[in-house]
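First comes the structure, then the notes that go with it.
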Amino acid sequence: MLEQQYLLANNHRAVYKSHSARWERLCRTYLPYKAKDSIWRYSREESPDDPEQGWKLHVSATVLGACHIMERTGPLLRRRQVLYKAPASLDELDKLNSGLYYGYSQVGKFLTIYPRTDEEAVLLARALHLITRHTPGPAVPFDLRYRPDGCVYYRYGAFKAMEIDGPDGSRIFAMRDPGGRLVPDPRDSNAKPVWAVDPFPPQRAARAHKPSPSPLKTTYKAFRALSQRGKGGVYQALDLSGGEPRLCVLKEGRRDGEVGWDGRDGFWRVRHEARVLDALDKAGAGVPRVYASFEADGNFYLAAEHVEGVNLENWLGRKRRRLALARSLRYSVELATVLARVHAAGWVWRDCKPRNIILTPRGRLRPLDFEGACMVSRPDPVPWGTPCYIPPEWGAKFTGRSRLPEDLYALGSIIYLLLTGCPPEAAPTLTLEKLRRNVPTAARRVVAELLDADPRRRPHAHTVARRLTAVLDGKKT
């Protein structure tokens, strides 16, 4: 299985081009109408006879399964002449499934279908389920699932754009209550209002069996969501495995959540991170300690140490003045040392950025988030990173070279930020020397080498730590 995923990762560009071309052909056949300034394509134009609200259906899909589902469902929906929509491109579906661009409530909403009656909704849900059964797809948050082994979901809401003023004066989506009054139509809460009668047949009761105890119910008690997106949530939780409860971070990797062109989903990412953290903890890299990892409800969970402190991005953003030069250099040495330990342990971080670095109350730097890490000996061809901290060669056709220079460029960007108060891309026409005149020449030279456009010229992290330590020692004397 791992070998298959690695092969798919190496061919991700070809897979993307093939599926994208296939999707364009399918859109010309089944989704000929493109709405202006919209991410959606439609099956037909709206008709005066189309209802303004009712039971809408959603069929979820991953970017790898979207074309297959469209080929299965398109003929049925065209025969019924039902109005439906889908993303104009698979890039837009990728954004929808991430939950970051259009809101978490939009995850999984590949096809949105607007039946004309309750009876048609029930008929279509059954037919769509039968032809897409067992097809992988992310769960649609806040919708009701038609059947547990399918990718068809449903909810009650408006079909046409209706809005009212919200409590804070902003415009919010609306639908009509039985009296014809416009009321809120929330997309991020219950799938039906209290007055709407669910027309869908109830699911058959599963055979009684003794459920196996889940650590989510017995050992780890999540009490606050720190983040929520398509591939999974991150929660603050209590670990009750020992004699005294302790705080921990519970990371969730959802099956079929945010599947990329490399075939990896949230489940794979979090399981992979558990392995990386365990290796780096043993290497003394200062990563969060793994308490446990397990599967529950089809997803993968990682329980790890809760690191007290504030991330470097937020901490720097709150400061009114730049860091003192000595402090900037000290943090730069510490970060370079952390990165050197990561590399010496055989890993490349690939997401080195201020948001993933915690400054603890004791003034230490602790690195977080290693979902995208890869082995030095087995470089990952799929790009991974964050703007401002990705190198200029990122996105170029991968040739099998080491990914280490990516971390080194990110290290240079962060040191630049610590010294000047802004990342290199924020002031491209100004040199470090112009932004801060008292930076020693040796330190400026290190930063320039780390940010070199030629990845072969970037010094290793342990070399950076050694050279900046010499600069710091020189300042002390």
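Just so we're on the same page: first chain in the structure tokens is A, next is B, and so on; residues restart at 1 for each chain, and ligands are numbered from 1 in the order they show up.
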In segment 266-398 of chain A, what's alpha helix (DSSP H) per DSSP? Answer as a compact mmCIF listing (two decimals) with all heavy atoms, in the first residue's frame?
# COMPACT_ATOMS: atom_id res chain seq x y z
N GLY A 266 -6.58 12.64 4.98
CA GLY A 266 -6.27 13.05 6.35
C GLY A 266 -5.83 11.90 7.22
O GLY A 266 -4.95 12.05 8.08
N PHE A 267 -6.43 10.73 7.03
CA PHE A 267 -6.05 9.53 7.77
C PHE A 267 -4.58 9.24 7.57
O PHE A 267 -3.82 9.02 8.53
CB PHE A 267 -6.92 8.36 7.28
CG PHE A 267 -6.74 7.08 8.04
CD1 PHE A 267 -7.73 6.64 8.91
CD2 PHE A 267 -5.63 6.29 7.87
CE1 PHE A 267 -7.59 5.45 9.61
CE2 PHE A 267 -5.46 5.09 8.56
CZ PHE A 267 -6.46 4.68 9.43
N TRP A 268 -4.14 9.25 6.31
CA TRP A 268 -2.73 8.95 6.00
C TRP A 268 -1.82 10.00 6.62
O TRP A 268 -0.77 9.67 7.18
CB TRP A 268 -2.53 8.93 4.48
CG TRP A 268 -1.16 8.47 4.07
CD1 TRP A 268 -0.79 7.21 3.71
CD2 TRP A 268 0.03 9.28 3.98
NE1 TRP A 268 0.56 7.18 3.42
CE2 TRP A 268 1.08 8.43 3.57
CE3 TRP A 268 0.30 10.62 4.21
CZ2 TRP A 268 2.39 8.90 3.38
CZ3 TRP A 268 1.60 11.10 4.03
CH2 TRP A 268 2.62 10.23 3.61
N ARG A 269 -2.20 11.28 6.53
CA ARG A 269 -1.34 12.36 7.00
C ARG A 269 -1.08 12.26 8.51
O ARG A 269 0.05 12.41 8.97
CB ARG A 269 -1.98 13.71 6.68
CG ARG A 269 -1.99 14.08 5.21
CD ARG A 269 -0.64 14.52 4.75
NE ARG A 269 -0.61 14.76 3.29
CZ ARG A 269 0.49 14.77 2.57
NH1 ARG A 269 1.66 14.56 3.15
NH2 ARG A 269 0.44 14.98 1.28
N VAL A 270 -2.13 12.03 9.29
CA VAL A 270 -1.96 12.00 10.75
C VAL A 270 -1.23 10.73 11.18
O VAL A 270 -0.39 10.76 12.09
CB VAL A 270 -3.32 12.15 11.45
CG1 VAL A 270 -3.18 11.99 12.96
CG2 VAL A 270 -3.93 13.51 11.12
N ARG A 271 -1.52 9.63 10.53
CA ARG A 271 -0.79 8.39 10.85
C ARG A 271 0.69 8.56 10.51
O ARG A 271 1.57 8.13 11.28
CB ARG A 271 -1.37 7.21 10.06
CG ARG A 271 -0.72 5.87 10.42
CD ARG A 271 -1.39 4.73 9.68
NE ARG A 271 -1.30 4.89 8.23
CZ ARG A 271 -1.81 4.02 7.36
NH1 ARG A 271 -2.48 2.95 7.78
NH2 ARG A 271 -1.69 4.22 6.06
N HIS A 272 0.98 9.23 9.40
CA HIS A 272 2.36 9.51 9.01
C HIS A 272 3.04 10.42 10.04
O HIS A 272 4.19 10.19 10.44
CB HIS A 272 2.37 10.16 7.63
CG HIS A 272 3.70 10.67 7.17
ND1 HIS A 272 4.73 9.84 6.82
CD2 HIS A 272 4.16 11.94 7.01
CE1 HIS A 272 5.78 10.56 6.46
NE2 HIS A 272 5.46 11.84 6.57
N GLU A 273 2.31 11.45 10.49
CA GLU A 273 2.89 12.37 11.45
C GLU A 273 3.23 11.68 12.77
O GLU A 273 4.25 12.01 13.40
CB GLU A 273 1.95 13.54 11.71
CG GLU A 273 2.57 14.58 12.64
CD GLU A 273 1.73 15.82 12.80
OE1 GLU A 273 0.52 15.78 12.53
OE2 GLU A 273 2.29 16.85 13.21
N ALA A 274 2.41 10.73 13.19
CA ALA A 274 2.70 10.00 14.42
C ALA A 274 4.05 9.30 14.32
O ALA A 274 4.84 9.30 15.28
CB ALA A 274 1.59 9.00 14.70
N ARG A 275 4.32 8.73 13.16
CA ARG A 275 5.59 8.05 12.94
C ARG A 275 6.76 9.04 12.97
O ARG A 275 7.80 8.77 13.58
CB ARG A 275 5.53 7.32 11.60
CG ARG A 275 6.83 6.64 11.19
CD ARG A 275 6.72 6.16 9.75
NE ARG A 275 8.01 5.66 9.26
CZ ARG A 275 8.38 5.68 7.99
NH1 ARG A 275 7.56 6.18 7.07
NH2 ARG A 275 9.54 5.21 7.60
N VAL A 276 6.57 10.19 12.32
CA VAL A 276 7.64 11.19 12.26
C VAL A 276 7.94 11.74 13.65
O VAL A 276 9.10 11.85 14.06
CB VAL A 276 7.26 12.34 11.31
CG1 VAL A 276 8.35 13.41 11.29
CG2 VAL A 276 7.02 11.81 9.90
N LEU A 277 6.90 12.10 14.40
CA LEU A 277 7.09 12.67 15.74
C LEU A 277 7.81 11.69 16.66
O LEU A 277 8.67 12.10 17.46
CB LEU A 277 5.74 13.05 16.35
CG LEU A 277 5.04 14.27 15.75
CD1 LEU A 277 3.70 14.51 16.43
CD2 LEU A 277 5.90 15.51 15.83
N ASP A 278 7.45 10.43 16.55
CA ASP A 278 8.11 9.43 17.39
C ASP A 278 9.61 9.38 17.10
O ASP A 278 10.44 9.35 18.02
CB ASP A 278 7.47 8.06 17.16
CG ASP A 278 8.01 7.01 18.11
OD1 ASP A 278 7.89 7.18 19.34
OD2 ASP A 278 8.56 5.99 17.63
N ALA A 279 9.98 9.42 15.82
CA ALA A 279 11.39 9.38 15.44
C ALA A 279 12.12 10.64 15.87
O ALA A 279 13.25 10.59 16.38
CB ALA A 279 11.52 9.17 13.93
N LEU A 280 11.48 11.81 15.70
CA LEU A 280 12.14 13.06 16.04
C LEU A 280 12.24 13.29 17.54
O LEU A 280 13.17 13.93 18.03
CB LEU A 280 11.39 14.22 15.38
CG LEU A 280 11.43 14.26 13.85
CD1 LEU A 280 10.69 15.48 13.32
CD2 LEU A 280 12.87 14.26 13.34
N ASP A 281 11.28 12.77 18.29
CA ASP A 281 11.35 12.86 19.74
C ASP A 281 12.58 12.11 20.26
O ASP A 281 13.31 12.60 21.12
CB ASP A 281 10.07 12.29 20.36
CG ASP A 281 10.05 12.42 21.88
OD1 ASP A 281 10.55 13.42 22.40
OD2 ASP A 281 9.54 11.49 22.54
N LYS A 282 12.81 10.95 19.70
CA LYS A 282 13.98 10.16 20.10
C LYS A 282 15.28 10.86 19.70
O LYS A 282 16.33 10.65 20.34
CB LYS A 282 13.92 8.77 19.46
CG LYS A 282 12.78 7.91 19.98
CD LYS A 282 12.65 6.61 19.21
CE LYS A 282 11.48 5.78 19.73
NZ LYS A 282 11.25 4.56 18.91
N LEU A 312 5.24 31.58 17.09
CA LEU A 312 6.16 32.68 16.80
C LEU A 312 5.52 33.76 15.94
O LEU A 312 5.80 34.95 16.10
CB LEU A 312 7.41 32.10 16.12
CG LEU A 312 8.70 32.93 16.16
CD1 LEU A 312 9.10 33.25 17.58
CD2 LEU A 312 9.82 32.18 15.44
N GLU A 313 4.65 33.36 15.03
CA GLU A 313 3.98 34.34 14.16
C GLU A 313 3.15 35.31 14.98
O GLU A 313 3.23 36.53 14.81
CB GLU A 313 3.11 33.61 13.14
CG GLU A 313 2.38 34.54 12.18
CD GLU A 313 1.57 33.78 11.15
OE1 GLU A 313 0.43 33.39 11.47
OE2 GLU A 313 2.10 33.58 10.05
N ASN A 314 2.31 34.77 15.88
CA ASN A 314 1.46 35.63 16.70
C ASN A 314 2.28 36.47 17.67
O ASN A 314 1.99 37.64 17.91
CB ASN A 314 0.44 34.78 17.48
CG ASN A 314 -0.62 34.20 16.57
OD1 ASN A 314 -0.81 34.64 15.45
ND2 ASN A 314 -1.33 33.19 17.05
N TRP A 315 3.32 35.86 18.23
CA TRP A 315 4.15 36.57 19.21
C TRP A 315 4.85 37.77 18.56
O TRP A 315 4.85 38.87 19.11
CB TRP A 315 5.16 35.60 19.81
CG TRP A 315 6.02 36.20 20.88
CD1 TRP A 315 5.65 36.50 22.16
CD2 TRP A 315 7.40 36.57 20.75
NE1 TRP A 315 6.72 37.03 22.84
CE2 TRP A 315 7.81 37.09 22.01
CE3 TRP A 315 8.33 36.49 19.72
CZ2 TRP A 315 9.11 37.53 22.24
CZ3 TRP A 315 9.62 36.94 19.94
CH2 TRP A 315 10.00 37.44 21.20
N LEU A 316 5.40 37.56 17.39
CA LEU A 316 6.06 38.66 16.69
C LEU A 316 5.06 39.72 16.25
O LEU A 316 5.36 40.91 16.25
CB LEU A 316 6.83 38.12 15.48
CG LEU A 316 8.09 37.30 15.78
CD1 LEU A 316 8.62 36.65 14.50
CD2 LEU A 316 9.18 38.16 16.42
N GLY A 317 3.86 39.27 15.86
CA GLY A 317 2.84 40.21 15.42
C GLY A 317 2.36 41.15 16.51
O GLY A 317 1.89 42.26 16.24
N ARG A 318 2.47 40.71 17.76
CA ARG A 318 2.01 41.55 18.87
C ARG A 318 3.05 42.57 19.31
O ARG A 318 2.74 43.53 20.02
CB ARG A 318 1.66 40.67 20.08
CG ARG A 318 0.47 39.75 19.85
CD ARG A 318 0.34 38.81 21.03
NE ARG A 318 -0.61 37.73 20.76
CZ ARG A 318 -0.71 36.64 21.50
NH1 ARG A 318 0.08 36.48 22.55
NH2 ARG A 318 -1.59 35.71 21.19
N LEU A 325 18.83 42.69 18.79
CA LEU A 325 19.66 41.91 17.88
C LEU A 325 20.15 40.61 18.51
O LEU A 325 20.09 39.55 17.88
CB LEU A 325 20.85 42.76 17.42
CG LEU A 325 21.80 42.09 16.42
CD1 LEU A 325 21.05 41.67 15.16
CD2 LEU A 325 22.94 43.04 16.06
N ALA A 326 20.61 40.68 19.76
CA ALA A 326 21.12 39.48 20.42
C ALA A 326 20.04 38.42 20.56
O ALA A 326 20.28 37.23 20.37
CB ALA A 326 21.70 39.84 21.79
N ARG A 327 18.82 38.86 20.87
CA ARG A 327 17.72 37.91 21.02
C ARG A 327 17.35 37.29 19.67
O ARG A 327 17.07 36.10 19.58
CB ARG A 327 16.50 38.61 21.62
CG ARG A 327 15.48 37.67 22.23
CD ARG A 327 14.38 38.44 22.93
NE ARG A 327 13.51 37.57 23.69
CZ ARG A 327 12.42 37.98 24.32
NH1 ARG A 327 12.08 39.27 24.29
NH2 ARG A 327 11.67 37.13 24.99
N SER A 328 17.36 38.10 18.64
CA SER A 328 17.09 37.59 17.28
C SER A 328 18.10 36.50 16.91
O SER A 328 17.74 35.44 16.38
CB SER A 328 17.16 38.72 16.26
OG SER A 328 16.20 39.70 16.52
N LEU A 329 19.37 36.76 17.18
CA LEU A 329 20.42 35.80 16.85
C LEU A 329 20.30 34.53 17.70
O LEU A 329 20.51 33.43 17.21
CB LEU A 329 21.79 36.44 17.03
CG LEU A 329 22.15 37.54 16.02
CD1 LEU A 329 23.43 38.25 16.44
CD2 LEU A 329 22.28 36.96 14.61
N ARG A 330 19.93 34.71 18.97
CA ARG A 330 19.80 33.54 19.85
C ARG A 330 18.68 32.62 19.37
O ARG A 330 18.85 31.39 19.32
CB ARG A 330 19.53 34.00 21.28
CG ARG A 330 19.59 32.87 22.31
CD ARG A 330 19.59 33.38 23.73
NE ARG A 330 18.32 33.99 24.09
CZ ARG A 330 18.13 35.28 24.31
NH1 ARG A 330 19.15 36.13 24.16
NH2 ARG A 330 16.95 35.75 24.66
N TYR A 331 17.53 33.20 19.00
CA TYR A 331 16.44 32.38 18.48
C TYR A 331 16.83 31.75 17.13
O TYR A 331 16.44 30.62 16.83
CB TYR A 331 15.17 33.21 18.31
CG TYR A 331 14.46 33.53 19.61
CD1 TYR A 331 13.67 34.67 19.73
CD2 TYR A 331 14.57 32.69 20.71
CE1 TYR A 331 13.01 34.98 20.91
CE2 TYR A 331 13.91 32.98 21.90
CZ TYR A 331 13.14 34.13 21.99
OH TYR A 331 12.49 34.42 23.17
N SER A 332 17.59 32.46 16.34
CA SER A 332 18.03 31.92 15.04
C SER A 332 18.93 30.71 15.24
O SER A 332 18.80 29.70 14.53
CB SER A 332 18.78 33.00 14.26
OG SER A 332 17.94 34.11 13.97
N VAL A 333 19.84 30.79 16.22
CA VAL A 333 20.72 29.66 16.52
C VAL A 333 19.90 28.47 17.02
O VAL A 333 20.13 27.33 16.60
CB VAL A 333 21.78 30.06 17.58
CG1 VAL A 333 22.51 28.83 18.10
CG2 VAL A 333 22.76 31.07 16.99
N GLU A 334 18.93 28.76 17.89
CA GLU A 334 18.12 27.67 18.44
C GLU A 334 17.30 26.98 17.35
O GLU A 334 17.22 25.75 17.30
CB GLU A 334 17.18 28.20 19.52
CG GLU A 334 16.42 27.10 20.25
CD GLU A 334 15.58 27.62 21.41
OE1 GLU A 334 15.65 28.82 21.72
OE2 GLU A 334 14.86 26.80 22.00
N LEU A 335 16.72 27.77 16.45
CA LEU A 335 15.93 27.18 15.37
C LEU A 335 16.82 26.37 14.42
O LEU A 335 16.44 25.27 13.98
CB LEU A 335 15.20 28.27 14.60
CG LEU A 335 14.32 27.81 13.44
CD1 LEU A 335 13.28 26.80 13.90
CD2 LEU A 335 13.65 29.00 12.76
N ALA A 336 18.00 26.89 14.09
CA ALA A 336 18.92 26.16 13.22
C ALA A 336 19.34 24.84 13.87
O ALA A 336 19.47 23.81 13.19
CB ALA A 336 20.15 27.02 12.92
N THR A 337 19.51 24.84 15.19
CA THR A 337 19.88 23.62 15.92
C THR A 337 18.76 22.59 15.87
O THR A 337 18.99 21.40 15.67
CB THR A 337 20.22 23.96 17.38
OG1 THR A 337 21.29 24.91 17.41
CG2 THR A 337 20.64 22.72 18.15
N VAL A 338 17.51 23.07 16.05
CA VAL A 338 16.35 22.17 15.95
C VAL A 338 16.30 21.54 14.56
O VAL A 338 16.12 20.32 14.41
CB VAL A 338 15.04 22.94 16.25
CG1 VAL A 338 13.83 22.12 15.81
CG2 VAL A 338 14.93 23.29 17.73
N LEU A 339 16.46 22.38 13.54
CA LEU A 339 16.38 21.88 12.17
C LEU A 339 17.53 20.90 11.88
O LEU A 339 17.33 19.90 11.17
CB LEU A 339 16.43 23.07 11.21
CG LEU A 339 15.77 22.88 9.83
CD1 LEU A 339 14.34 22.42 9.98
CD2 LEU A 339 15.81 24.20 9.06
N ALA A 340 18.71 21.18 12.42
CA ALA A 340 19.84 20.27 12.23
C ALA A 340 19.54 18.89 12.82
O ALA A 340 19.90 17.86 12.24
CB ALA A 340 21.10 20.86 12.87
N ARG A 341 18.86 18.85 13.97
CA ARG A 341 18.51 17.57 14.59
C ARG A 341 17.45 16.83 13.77
O ARG A 341 17.48 15.61 13.68
CB ARG A 341 18.02 17.82 16.02
CG ARG A 341 19.14 18.20 16.97
CD ARG A 341 18.61 18.59 18.34
NE ARG A 341 19.71 18.97 19.22
CZ ARG A 341 19.58 19.62 20.37
NH1 ARG A 341 18.36 19.98 20.78
NH2 ARG A 341 20.63 19.91 21.10
N VAL A 342 16.52 17.58 13.21
CA VAL A 342 15.51 16.96 12.34
C VAL A 342 16.20 16.31 11.15
O VAL A 342 15.91 15.15 10.80
CB VAL A 342 14.49 18.02 11.87
CG1 VAL A 342 13.59 17.44 10.77
CG2 VAL A 342 13.65 18.52 13.04
N HIS A 343 17.12 17.03 10.52
CA HIS A 343 17.82 16.51 9.34
C HIS A 343 18.73 15.34 9.71
O HIS A 343 18.82 14.35 8.97
CB HIS A 343 18.62 17.63 8.68
CG HIS A 343 17.77 18.71 8.12
ND1 HIS A 343 18.27 19.92 7.69
CD2 HIS A 343 16.43 18.78 7.91
CE1 HIS A 343 17.28 20.67 7.24
NE2 HIS A 343 16.15 20.01 7.37
N ALA A 344 19.41 15.43 10.85
CA ALA A 344 20.30 14.36 11.28
C ALA A 344 19.52 13.08 11.57
O ALA A 344 20.05 11.97 11.41
CB ALA A 344 21.08 14.78 12.51
Residues of segment 258-281 of chain A at most 12 Å from segment 94-98 of chain A: nearest atom pair and distance in Å, only C-alpha atoms, as a tab-separated table:
residue	atom	partner	partner_atom	distance
A:Glu258	CA	A:Asn97	CA	5.5
A:Val259	CA	A:Asp94	CA	8.2
A:Gly260	CA	A:Asp94	CA	7.8
A:Trp261	CA	A:Asp94	CA	9.5
A:Asp265	CA	A:Ser98	CA	10.8
A:Gly266	CA	A:Ser98	CA	10.3
At a cut-off of 12 Å, using only C-alpha atoms, what residues contact Gly230 of chain A? Leave out same-chain residues fewer than 3 positions from it and give the result as a PyMOL selection string. chain A and resi 62+93-109+137-141+227+233-234+252-260+265-267
Close residues, Glu71 of chain A itself excluded, 12 Å, only C-alpha atoms, min 3 positions apart in chain, as a ChimeraX atom specification: /A:22-23,25-27,29-31,65-68,74-78,128,131-132
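What separates atom CA of Gly309 of chain A from atom CA of Lys217 of chain A is a distance of 28.0 Å.
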Within 10 Å of Pro193 of chain A, counting only C-alpha atoms, which residues show up once you throw out same-chain ones fewer than 6 positions away? Write them as JSON, numbers by chain, please. {"A": [155, 156, 157, 177, 184, 185, 186]}
Output the selection as a short mmCIF file (atom, residue, chain, number, x, y, z; two decimals), in the first residue's frame - all heavy atoms for each residue.
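Result written to result.cif:
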data_model
loop_
_atom_site.label_atom_id
_atom_site.label_comp_id
_atom_site.auth_asym_id
_atom_site.auth_seq_id
_atom_site.Cartn_x
_atom_site.Cartn_y
_atom_site.Cartn_z
N ARG A 155 -30.19 17.75 3.05
CA ARG A 155 -30.56 18.74 4.06
C ARG A 155 -31.69 19.60 3.50
O ARG A 155 -31.91 19.64 2.29
CB ARG A 155 -29.37 19.62 4.44
CG ARG A 155 -28.90 20.56 3.35
CD ARG A 155 -27.76 21.46 3.82
NE ARG A 155 -28.16 22.38 4.85
CZ ARG A 155 -27.74 22.32 6.12
NH1 ARG A 155 -26.90 21.37 6.49
NH2 ARG A 155 -28.15 23.19 7.01
N TYR A 156 -32.38 20.31 4.36
CA TYR A 156 -33.44 21.21 3.93
C TYR A 156 -32.88 22.63 3.89
O TYR A 156 -32.17 23.06 4.80
CB TYR A 156 -34.63 21.16 4.89
CG TYR A 156 -35.86 21.87 4.36
CD1 TYR A 156 -36.82 21.16 3.65
CD2 TYR A 156 -36.03 23.23 4.53
CE1 TYR A 156 -37.94 21.80 3.13
CE2 TYR A 156 -37.14 23.89 4.01
CZ TYR A 156 -38.09 23.17 3.31
OH TYR A 156 -39.20 23.81 2.79
N GLY A 157 -33.22 23.36 2.82
CA GLY A 157 -32.75 24.73 2.73
C GLY A 157 -33.20 25.41 1.47
O GLY A 157 -33.94 24.84 0.65
N ASP A 177 -40.41 30.12 6.42
CA ASP A 177 -41.05 29.21 7.36
C ASP A 177 -42.44 28.89 6.85
O ASP A 177 -42.87 29.44 5.81
CB ASP A 177 -41.05 29.80 8.77
CG ASP A 177 -41.94 31.04 8.91
OD1 ASP A 177 -42.70 31.35 7.96
OD2 ASP A 177 -41.89 31.69 9.96
N PRO A 184 -33.61 32.65 9.13
CA PRO A 184 -32.25 32.23 8.79
C PRO A 184 -32.18 30.80 8.24
O PRO A 184 -32.92 29.92 8.68
CB PRO A 184 -31.51 32.33 10.14
CG PRO A 184 -32.27 33.35 10.91
CD PRO A 184 -33.71 33.15 10.52
N ASP A 185 -31.29 30.60 7.27
CA ASP A 185 -31.03 29.29 6.68
C ASP A 185 -29.56 28.94 6.96
O ASP A 185 -28.71 29.10 6.09
CB ASP A 185 -31.30 29.32 5.18
CG ASP A 185 -31.00 27.99 4.48
OD1 ASP A 185 -30.90 26.96 5.19
OD2 ASP A 185 -30.82 27.99 3.25
N PRO A 186 -29.24 28.48 8.16
CA PRO A 186 -27.84 28.23 8.52
C PRO A 186 -27.28 27.04 7.74
O PRO A 186 -27.94 26.02 7.60
CB PRO A 186 -27.91 27.93 10.02
CG PRO A 186 -29.29 27.42 10.25
CD PRO A 186 -30.16 28.13 9.26
#
For Asp454 of chain A, find every residue with an atom within 9 Å (counting only C-alpha atoms), except residues of its own chain fewer than 3 positions away, and show them as an mmCIF file with C-alpha atoms, in the first residue's frame.
data_model
loop_
_atom_site.group_PDB
_atom_site.id
_atom_site.type_symbol
_atom_site.label_atom_id
_atom_site.label_comp_id
_atom_site.auth_asym_id
_atom_site.auth_seq_id
_atom_site.Cartn_x
_atom_site.Cartn_y
_atom_site.Cartn_z
ATOM 1 C CA PRO A 392 11.952 29.721 -5.705
ATOM 2 C CA GLU A 393 12.519 26.216 -7.079
ATOM 3 C CA LEU A 451 17.977 32.535 0.514
ATOM 4 C CA ARG A 457 24.580 26.948 -2.266
ATOM 5 C CA ARG A 458 22.484 26.955 0.906
#
I'd like the contact shell of segment 195-199 of chain A - 12 Å cut-off, only C-alpha atoms, skipping same-chain residues fewer than 5 positions apart - returned as a PyMOL selection string. chain A and resi 53-56+117-123+125+144+146+154-157+175-179+190
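Going from atom CA of Arg264 of chain A to atom CA of Ala373 of chain A covers 13.3 Å.
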Can you work out which one of A:Leu359, A:Ala161, A:Ala127, A:Ala296 has the shortest atom-to-atom distance to Val310 of chain A, counting only C-alpha atoms?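 Ranked by minimum distance to Val310 of chain A, first place goes to A:Leu359.
Taking segment 112-189 of chain A and asking which residues DSSP calls strand (DSSP E) on the backbone, you get Thr112, Ile113, Tyr114, Leu144, Arg145, Val152, Tyr153, Tyr154, Arg155, Tyr156, Gly157, Ala158, Glu163, Ile164, Asp165, Arg171, Ile172, Phe173, Ala174, Met175, Arg176, Leu182, Val183 and Pro184 of chain A.
Atom CA of Cys151 of chain A lies 26.4 Å from atom CA of Ala174 of chain A.
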